[in-house]
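This is entry.cif (mmCIF, C-alpha atoms and all ligand atoms).
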```cif
data_work
#
loop_
_atom_site.group_PDB
_atom_site.id
_atom_site.type_symbol
_atom_site.label_atom_id
_atom_site.label_comp_id
_atom_site.auth_asym_id
_atom_site.auth_seq_id
_atom_site.Cartn_x
_atom_site.Cartn_y
_atom_site.Cartn_z
ATOM 1 C CA MET X 1 175.112 84.223 118.237
ATOM 2 C CA VAL X 2 178.165 86.329 117.387
ATOM 3 C CA THR X 3 177.472 88.606 114.408
ATOM 4 C CA SER X 4 180.558 90.814 114.523
ATOM 5 C CA VAL X 5 183.830 90.675 112.598
ATOM 6 C CA LEU X 6 187.356 90.410 114.017
ATOM 7 C CA THR X 7 189.722 93.281 114.722
ATOM 8 C CA LYS X 8 193.218 93.058 113.219
ATOM 9 C CA ASP X 9 194.846 92.607 116.626
ATOM 10 C CA LYS X 10 192.760 89.434 117.141
ATOM 11 C CA ASP X 11 193.050 87.997 113.646
ATOM 12 C CA PRO X 12 195.854 85.405 113.779
ATOM 13 C CA MET X 13 194.784 83.442 110.687
ATOM 14 C CA GLY X 14 194.464 86.652 108.679
ATOM 15 C CA ALA X 15 197.920 87.741 109.878
ATOM 16 C CA ALA X 16 199.378 84.418 108.707
ATOM 17 C CA ILE X 17 197.564 84.648 105.354
ATOM 18 C CA SER X 18 198.665 88.236 104.775
ATOM 19 C CA GLU X 19 202.284 87.493 105.663
ATOM 20 C CA TYR X 20 202.420 84.383 103.482
ATOM 21 C CA PHE X 21 201.013 86.327 100.544
ATOM 22 C CA HIS X 22 203.469 89.228 100.900
ATOM 23 C CA LYS X 23 206.623 87.330 101.908
ATOM 24 C CA LYS X 24 205.961 83.924 100.297
ATOM 25 C CA ARG X 25 206.631 82.343 103.675
ATOM 26 C CA ALA X 26 205.042 82.370 107.109
ATOM 27 C CA GLY X 27 205.645 81.205 110.647
ATOM 28 C CA LYS X 28 203.598 78.762 112.673
ATOM 29 C CA LEU X 29 199.819 79.131 112.785
ATOM 30 C CA ARG X 30 199.167 77.422 116.103
ATOM 31 C CA VAL X 31 195.793 75.898 116.982
ATOM 32 C CA PHE X 32 194.648 75.183 120.533
ATOM 33 C CA SER X 33 191.560 73.272 121.594
ATOM 34 C CA SER X 34 190.225 71.884 124.839
ATOM 35 C CA SER X 35 189.344 68.687 122.905
ATOM 36 C CA PHE X 36 192.663 68.078 121.089
ATOM 37 C CA ASP X 37 196.403 68.451 121.527
ATOM 38 C CA GLU X 38 198.023 71.611 120.221
ATOM 39 C CA ASP X 39 198.237 71.534 116.430
ATOM 40 C CA GLU X 40 199.482 73.660 113.563
ATOM 41 C CA ILE X 41 197.952 74.669 110.211
ATOM 42 C CA PRO X 42 200.566 74.804 107.440
ATOM 43 C CA VAL X 43 199.808 78.267 106.029
ATOM 44 C CA SER X 44 200.683 77.151 102.487
ATOM 45 C CA THR X 45 197.673 74.783 102.522
ATOM 46 C CA LEU X 46 195.410 77.844 102.847
ATOM 47 C CA PHE X 47 196.758 78.878 99.418
ATOM 48 C CA ARG X 48 196.019 75.559 97.693
ATOM 49 C CA THR X 49 195.209 75.684 93.996
ATOM 50 C CA PHE X 50 192.501 73.604 92.330
ATOM 51 C CA LYS X 51 194.875 70.779 91.501
ATOM 52 C CA ASN X 52 196.134 70.564 95.109
ATOM 53 C CA MET X 53 192.666 70.561 96.637
ATOM 54 C CA PRO X 54 191.129 67.434 98.144
ATOM 55 C CA SER X 55 188.705 65.788 95.718
ATOM 56 C CA LEU X 56 185.711 66.749 97.902
ATOM 57 C CA GLU X 57 186.552 70.421 97.374
ATOM 58 C CA GLN X 58 187.189 69.946 93.652
ATOM 59 C CA GLU X 59 183.787 68.286 93.368
ATOM 60 C CA ALA X 60 182.106 71.183 95.206
ATOM 61 C CA LEU X 61 183.728 73.745 92.892
ATOM 62 C CA LYS X 62 182.621 71.789 89.814
ATOM 63 C CA LEU X 63 179.031 71.623 91.112
ATOM 64 C CA ALA X 64 178.879 75.298 92.121
ATOM 65 C CA GLN X 65 176.864 77.329 89.628
ATOM 66 C CA GLY X 66 175.077 80.632 89.118
ATOM 67 C CA HIS X 67 175.756 83.341 91.688
ATOM 68 C CA ILE X 68 178.013 81.707 94.297
ATOM 69 C CA LEU X 69 178.635 82.743 97.917
ATOM 70 C CA ASP X 70 181.907 81.483 99.442
ATOM 71 C CA ILE X 71 181.431 81.686 103.209
ATOM 72 C CA GLY X 72 184.674 82.018 105.171
ATOM 73 C CA GLY X 73 186.753 82.559 102.048
ATOM 74 C CA GLY X 74 190.114 82.730 103.889
ATOM 75 C CA SER X 75 192.920 83.378 101.407
ATOM 76 C CA GLY X 76 190.385 83.205 98.567
ATOM 77 C CA CYS X 77 191.623 79.855 97.240
ATOM 78 C CA HIS X 78 188.168 78.589 96.286
ATOM 79 C CA SER X 79 186.903 81.938 94.997
ATOM 80 C CA LEU X 80 189.964 82.350 92.762
ATOM 81 C CA ALA X 81 189.546 78.818 91.390
ATOM 82 C CA LEU X 82 185.874 79.609 90.652
ATOM 83 C CA GLN X 83 186.819 82.866 88.899
ATOM 84 C CA ASP X 84 189.289 80.841 86.796
ATOM 85 C CA MET X 85 186.317 78.712 85.731
ATOM 86 C CA ASP X 86 184.489 81.933 84.749
ATOM 87 C CA LYS X 87 182.013 81.520 87.605
ATOM 88 C CA GLU X 88 180.581 84.493 89.513
ATOM 89 C CA VAL X 89 181.461 84.480 93.212
ATOM 90 C CA CYS X 90 181.164 86.693 96.279
ATOM 91 C CA SER X 91 183.374 85.806 99.233
ATOM 92 C CA ILE X 92 182.744 86.862 102.819
ATOM 93 C CA ASP X 93 184.947 86.510 105.877
ATOM 94 C CA ILE X 94 185.118 87.955 109.396
ATOM 95 C CA SER X 95 188.907 88.250 109.131
ATOM 96 C CA PRO X 96 189.916 91.761 107.983
ATOM 97 C CA LEU X 97 193.417 90.668 106.967
ATOM 98 C CA SER X 98 192.059 87.740 104.955
ATOM 99 C CA VAL X 99 189.598 89.987 103.123
ATOM 100 C CA GLU X 100 192.388 92.478 102.332
ATOM 101 C CA THR X 101 194.531 89.628 101.010
ATOM 102 C CA MET X 102 191.664 88.202 98.947
ATOM 103 C CA LYS X 103 191.254 91.599 97.282
ATOM 104 C CA GLU X 104 195.004 91.872 96.650
ATOM 105 C CA ARG X 105 194.984 88.391 95.120
ATOM 106 C CA GLY X 106 192.224 89.360 92.694
ATOM 107 C CA VAL X 107 188.989 88.144 94.286
ATOM 108 C CA LYS X 108 186.606 90.560 92.592
ATOM 109 C CA ASP X 109 183.897 90.602 95.266
ATOM 110 C CA ALA X 110 185.393 90.038 98.742
ATOM 111 C CA ARG X 111 183.585 91.494 101.744
ATOM 112 C CA LEU X 112 184.306 91.790 105.437
ATOM 113 C CA SER X 113 181.114 90.380 106.866
ATOM 114 C CA ASN X 114 179.770 87.832 109.324
ATOM 115 C CA LEU X 115 177.366 85.270 107.846
ATOM 116 C CA PHE X 116 175.054 85.764 110.828
ATOM 117 C CA ASP X 117 174.887 89.556 110.432
ATOM 118 C CA GLU X 118 171.524 90.170 108.774
ATOM 119 C CA THR X 119 172.734 93.419 107.199
ATOM 120 C CA PHE X 120 174.591 91.156 104.757
ATOM 121 C CA THR X 121 171.999 90.414 102.089
ATOM 122 C CA GLY X 122 171.834 88.989 98.587
ATOM 123 C CA LYS X 123 170.464 85.991 96.710
ATOM 124 C CA TYR X 124 172.709 83.130 95.714
ATOM 125 C CA ASP X 125 172.358 79.909 93.721
ATOM 126 C CA THR X 126 175.179 78.079 95.473
ATOM 127 C CA ILE X 127 176.462 78.650 98.989
ATOM 128 C CA LEU X 128 179.882 77.116 99.618
ATOM 129 C CA MET X 129 181.203 76.214 103.046
ATOM 130 C CA LEU X 130 184.505 74.370 102.671
ATOM 131 C CA MET X 131 187.335 73.064 104.878
ATOM 132 C CA ASN X 132 185.046 71.555 107.500
ATOM 133 C CA GLY X 133 182.759 74.404 106.567
ATOM 134 C CA SER X 134 180.039 73.307 109.001
ATOM 135 C CA GLY X 135 182.380 74.674 111.675
ATOM 136 C CA ILE X 136 181.098 78.216 111.179
ATOM 137 C CA ILE X 137 177.709 77.106 112.577
ATOM 138 C CA GLY X 138 179.505 76.685 115.923
ATOM 139 C CA LYS X 139 177.011 74.520 117.832
ATOM 140 C CA LEU X 140 174.050 72.247 117.064
ATOM 141 C CA ALA X 141 171.836 74.764 118.863
ATOM 142 C CA ASN X 142 172.687 77.332 116.166
ATOM 143 C CA LEU X 143 171.333 75.161 113.329
ATOM 144 C CA PRO X 144 167.831 76.757 113.379
ATOM 145 C CA VAL X 145 169.369 80.240 112.977
ATOM 146 C CA PHE X 146 171.748 78.902 110.342
ATOM 147 C CA PHE X 147 168.940 77.411 108.231
ATOM 148 C CA LYS X 148 166.916 80.617 108.589
ATOM 149 C CA ARG X 149 169.890 82.597 107.228
ATOM 150 C CA MET X 150 170.275 80.107 104.369
ATOM 151 C CA LYS X 151 166.625 80.613 103.407
ATOM 152 C CA GLN X 152 167.233 84.380 103.280
ATOM 153 C CA LEU X 153 170.321 84.024 101.093
ATOM 154 C CA LEU X 154 169.318 81.218 98.703
ATOM 155 C CA ASN X 155 167.412 81.436 95.462
ATOM 156 C CA THR X 156 164.504 78.974 95.211
ATOM 157 C CA ASN X 157 166.468 76.307 93.360
ATOM 158 C CA GLY X 158 169.704 77.039 95.162
ATOM 159 C CA CYS X 159 171.783 74.752 97.328
ATOM 160 C CA ILE X 160 174.459 74.705 100.019
ATOM 161 C CA LEU X 161 177.602 72.637 99.420
ATOM 162 C CA MET X 162 179.254 71.939 102.742
ATOM 163 C CA ASP X 163 181.960 69.587 103.922
ATOM 164 C CA SER X 164 182.277 68.194 107.425
ATOM 165 C CA SER X 165 183.613 65.227 109.394
ATOM 166 C CA ASP X 166 182.140 62.672 111.761
ATOM 167 C CA LEU X 167 184.371 62.874 114.844
ATOM 168 C CA LYS X 168 182.988 59.603 116.203
ATOM 169 C CA TYR X 169 186.243 57.846 115.281
ATOM 170 C CA LEU X 170 188.013 59.810 118.023
ATOM 171 C CA TYR X 171 185.899 58.017 120.612
ATOM 172 C CA GLU X 172 186.341 54.498 119.294
ATOM 173 C CA ASP X 173 187.659 51.956 121.823
ATOM 174 C CA GLU X 174 190.142 49.205 120.975
ATOM 175 C CA ASP X 175 187.262 46.693 120.775
ATOM 176 C CA GLY X 176 185.483 48.837 118.172
ATOM 177 C CA SER X 177 182.807 50.166 120.526
ATOM 178 C CA TYR X 178 182.260 53.878 121.074
ATOM 179 C CA VAL X 179 182.615 55.693 124.379
ATOM 180 C CA ILE X 180 180.375 58.669 123.919
ATOM 181 C CA ASP X 181 178.646 60.372 126.819
ATOM 182 C CA ILE X 182 175.166 60.696 125.376
ATOM 183 C CA ALA X 183 174.102 62.957 128.227
ATOM 184 C CA GLY X 184 176.925 65.361 127.379
ATOM 185 C CA ASP X 185 177.246 67.859 124.549
ATOM 186 C CA TYR X 186 177.187 66.531 120.981
ATOM 187 C CA TYR X 187 180.624 64.995 120.291
ATOM 188 C CA GLY X 188 181.251 67.172 117.234
ATOM 189 C CA GLU X 189 181.081 70.436 119.197
ATOM 190 C CA VAL X 190 184.617 71.667 119.828
ATOM 191 C CA ASP X 191 186.358 74.927 120.619
ATOM 192 C CA PHE X 192 189.496 76.434 119.101
ATOM 193 C CA ARG X 193 191.828 79.337 119.579
ATOM 194 C CA MET X 194 194.599 80.325 117.159
ATOM 195 C CA GLU X 195 197.890 82.127 117.519
ATOM 196 C CA TYR X 196 200.242 83.556 114.938
ATOM 197 C CA LYS X 197 203.450 85.067 116.285
ATOM 198 C CA ASP X 198 202.253 87.648 118.863
ATOM 199 C CA VAL X 199 198.658 87.761 117.547
ATOM 200 C CA LYS X 200 196.331 85.783 119.807
ATOM 201 C CA GLY X 201 192.766 85.116 118.710
ATOM 202 C CA ASP X 202 189.784 84.598 121.004
ATOM 203 C CA TRP X 203 188.205 81.189 121.623
ATOM 204 C CA PHE X 204 185.483 80.222 119.149
ATOM 205 C CA ASP X 205 183.063 77.303 118.764
ATOM 206 C CA TRP X 206 183.397 74.974 115.791
ATOM 207 C CA LEU X 207 180.871 72.318 114.760
ATOM 208 C CA TYR X 208 181.810 69.019 113.127
ATOM 209 C CA ILE X 209 178.594 67.210 112.237
ATOM 210 C CA ASP X 210 177.959 63.669 111.040
ATOM 211 C CA PHE X 211 175.827 63.318 107.930
ATOM 212 C CA GLN X 212 172.899 61.655 109.696
ATOM 213 C CA THR X 213 172.548 64.394 112.313
ATOM 214 C CA LEU X 214 172.866 67.042 109.599
ATOM 215 C CA SER X 215 170.110 65.336 107.565
ATOM 216 C CA LEU X 216 167.758 65.183 110.559
ATOM 217 C CA TYR X 217 168.154 68.873 111.359
ATOM 218 C CA ALA X 218 167.963 69.797 107.667
ATOM 219 C CA ALA X 219 164.614 67.993 107.299
ATOM 220 C CA GLU X 220 163.296 69.725 110.427
ATOM 221 C CA TYR X 221 164.131 73.142 108.967
ATOM 222 C CA GLY X 222 162.982 72.633 105.381
ATOM 223 C CA PHE X 223 166.062 71.264 103.637
ATOM 224 C CA LYS X 224 166.899 67.969 101.957
ATOM 225 C CA ALA X 225 170.432 66.646 102.542
ATOM 226 C CA GLU X 226 172.251 64.582 99.959
ATOM 227 C CA LEU X 227 175.589 62.842 100.471
ATOM 228 C CA ILE X 228 177.617 63.810 97.409
ATOM 229 C CA LYS X 229 180.955 62.222 98.203
ATOM 230 C CA GLU X 230 182.863 60.695 101.095
ATOM 231 C CA GLY X 231 186.504 61.516 101.782
ATOM 232 C CA ASN X 232 189.156 59.229 103.178
ATOM 233 C CA HIS X 233 189.101 60.529 106.730
ATOM 234 C CA TYR X 234 185.519 60.339 108.023
ATOM 235 C CA ASN X 235 184.803 63.497 106.050
ATOM 236 C CA TYR X 236 182.157 64.084 103.420
ATOM 237 C CA LEU X 237 180.606 66.630 101.084
ATOM 238 C CA ALA X 238 176.881 67.288 101.473
ATOM 239 C CA LYS X 239 174.420 69.155 99.317
ATOM 240 C CA LEU X 240 171.494 70.814 101.079
ATOM 241 C CA SER X 241 168.560 71.995 98.982
ATOM 242 C CA LEU X 242 165.312 73.671 99.887
ATOM 243 C CA ILE X 243 162.370 71.262 100.003
HETATM 244 N N1 LIG X 301 187.503 78.419 103.115
HETATM 245 C C1 LIG X 301 188.908 78.695 103.405
HETATM 246 C C2 LIG X 301 189.151 79.104 104.871
HETATM 247 C C3 LIG X 301 188.659 78.120 105.896
HETATM 248 S S1 LIG X 301 188.988 78.637 107.560
HETATM 249 C C4 LIG X 301 189.739 77.509 103.014
HETATM 250 O O1 LIG X 301 189.160 76.440 102.775
HETATM 251 O O2 LIG X 301 190.968 77.610 102.968
HETATM 252 C C5 LIG X 301 187.403 79.307 108.027
HETATM 253 C C6 LIG X 301 187.238 80.759 107.634
HETATM 254 O O3 LIG X 301 185.918 81.158 108.025
HETATM 255 C C7 LIG X 301 188.198 81.715 108.339
HETATM 256 O O4 LIG X 301 188.802 82.546 107.376
HETATM 257 C C8 LIG X 301 187.285 82.518 109.270
HETATM 258 O O5 LIG X 301 187.732 83.846 109.477
HETATM 259 C C9 LIG X 301 185.947 82.467 108.559
HETATM 260 N N2 LIG X 301 184.735 82.623 109.399
HETATM 261 C C10 LIG X 301 184.514 82.087 110.617
HETATM 262 N N3 LIG X 301 183.291 82.419 111.071
HETATM 263 C C11 LIG X 301 182.694 83.163 110.102
HETATM 264 C C12 LIG X 301 181.404 83.795 109.977
HETATM 265 N N4 LIG X 301 180.492 83.722 110.961
HETATM 266 N N5 LIG X 301 181.122 84.478 108.841
HETATM 267 C C13 LIG X 301 182.048 84.557 107.838
HETATM 268 N N6 LIG X 301 183.274 83.982 107.905
HETATM 269 C C14 LIG X 301 183.610 83.296 109.017
#
```
Take the structure from the file and write it as structure tokens.
Ligand code: SAH
Amino acid sequence: MVTSVLTKDKDPMGAAISEYFHKKRAGKLRVFSSSFDEDEIPVSTLFRTFKNMPSLEQEALKLAQGHILDIGGGSGCHSLALQDMDKEVCSIDISPLSVETMKERGVKDARLSNLFDETFTGKYDTILMLMNGSGIIGKLANLPVFFKRMKQLLNTNGCILMDSSDLKYLYEDEDGSYVIDIAGDYYGEVDFRMEYKDVKGDWFDWLYIDFQTLSLYAAEYGFKAELIKEGNHYNYLAKLSLI
């Protein structure tokens, strides 16, 4: 399990976020994956305001209460929206340039930290993981460590609000059947690498998880999973609470 943070020379998303914030425009944030064709993240979407957010995210922000932890805060879009609602939020990210930008944008408590680094401590009522937030878990095999970390960071009545997608649709045949190699890795485990201008990031694992699989693992590790809302592209918002 990686517990470190990025260095600035390997922080393409942070470079894009910082440039967009300072110059009001940015170049291409390119995304590579061995599972998908090359893609691009429009940097402006990382700066979305509450009214431009998908309804799943708006719902999560409305439900978030008490002391909130925004994991993988990015540009700080969710943390700033929460502060606007007078909610108390701490945002962590492994991207030094994103954390710098969050601070410049007014996120009051933004920290350069890896979720899996146990020197990051605190107790939270709501833990937010948004924009396919399950991705940060990386692989199914990391779920036990993930749930252990959540138990350390959550207050007794706290919950995790996480969005994810069921990638099964990518494997659907024309006749409606699915071609999934059940002996292979779980179909939601993918890898990515990003590039912004001359800044090349390293490869990282990213986990998309269907709600049923998430619920099964959650139950195994002491959490109850609730489907809060489904999106329009095989995505959903889940709430995970301690049993
Ligand atoms: N939540 C933001 C950004 C999503 S991108 C938004 O919705 O716009 C995912 C973010 O998670 C990136 O900024 C990345 O640097 C951060 N991240 C990835 N792994 C992490 C980890 N282990 N701990 C903390 N942050 C992490």
Taking the file above as input, evaluate the PyMOL selection byres (((chain X and resi 212-219) around 9) and not hetatm) and report the hits as a list in words. Leu140, Leu143, Pro144, Phe147, Ile209, Asp210, Phe211, Glu220, Tyr221, Gly222, Phe223, Lys224, Ala225, Glu226, Leu240, Ser241 and Ile243 of chain X
Go ahead and dump the residues you just picked, C-alpha atoms, as a PDB file, in the coordinates of the input.
```
ATOM      1  CA  LEU X 140     174.050  72.247 117.064  1.00  0.00           C
ATOM      2  CA  LEU X 143     171.333  75.161 113.329  1.00  0.00           C
ATOM      3  CA  PRO X 144     167.831  76.757 113.379  1.00  0.00           C
ATOM      4  CA  PHE X 147     168.940  77.411 108.231  1.00  0.00           C
ATOM      5  CA  ILE X 209     178.594  67.210 112.237  1.00  0.00           C
ATOM      6  CA  ASP X 210     177.959  63.669 111.040  1.00  0.00           C
ATOM      7  CA  PHE X 211     175.827  63.318 107.930  1.00  0.00           C
ATOM      8  CA  GLU X 220     163.296  69.725 110.427  1.00  0.00           C
ATOM      9  CA  TYR X 221     164.131  73.142 108.967  1.00  0.00           C
ATOM     10  CA  GLY X 222     162.982  72.633 105.381  1.00  0.00           C
ATOM     11  CA  PHE X 223     166.062  71.264 103.637  1.00  0.00           C
ATOM     12  CA  LYS X 224     166.899  67.969 101.957  1.00  0.00           C
ATOM     13  CA  ALA X 225     170.432  66.646 102.542  1.00  0.00           C
ATOM     14  CA  GLU X 226     172.251  64.582  99.959  1.00  0.00           C
ATOM     15  CA  LEU X 240     171.494  70.814 101.079  1.00  0.00           C
ATOM     16  CA  SER X 241     168.560  71.995  98.982  1.00  0.00           C
ATOM     17  CA  ILE X 243     162.370  71.262 100.003  1.00  0.00           C
TER      18      ILE X 243
END
```
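When all atoms listed in the file are used to compute distances to ligand LIG 301 (chain X), the closest of the residues X:Ser55, X:Asn132, X:Thr101, X:Ser33 turns out to be X:Asn132.
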Of the residues X:Leu170, X:Glu195, X:Lys123, X:Ser165, which is the one nearest to Leu56 of chain X, using all atoms listed in the file? X:Ser165
Could you list, as a PyMOL selection string, all residues that come within 6 Å of ligand LIG 301 (chain X)? Count only C-alpha atoms and all ligand atoms. chain X and resi 46+71-74+92-95+113-116+130-131+136
Can you turn the PyMOL selection byres (((chain X and resi 196) around 8) and not hetatm) into a concrete residue list for this file, as a list in words? Pro12, Met13, Ala15, Ala16, Gly27, Lys28, Leu29, Arg30, Met194, Glu195, Lys197, Asp198, Val199 and Lys200 of chain X
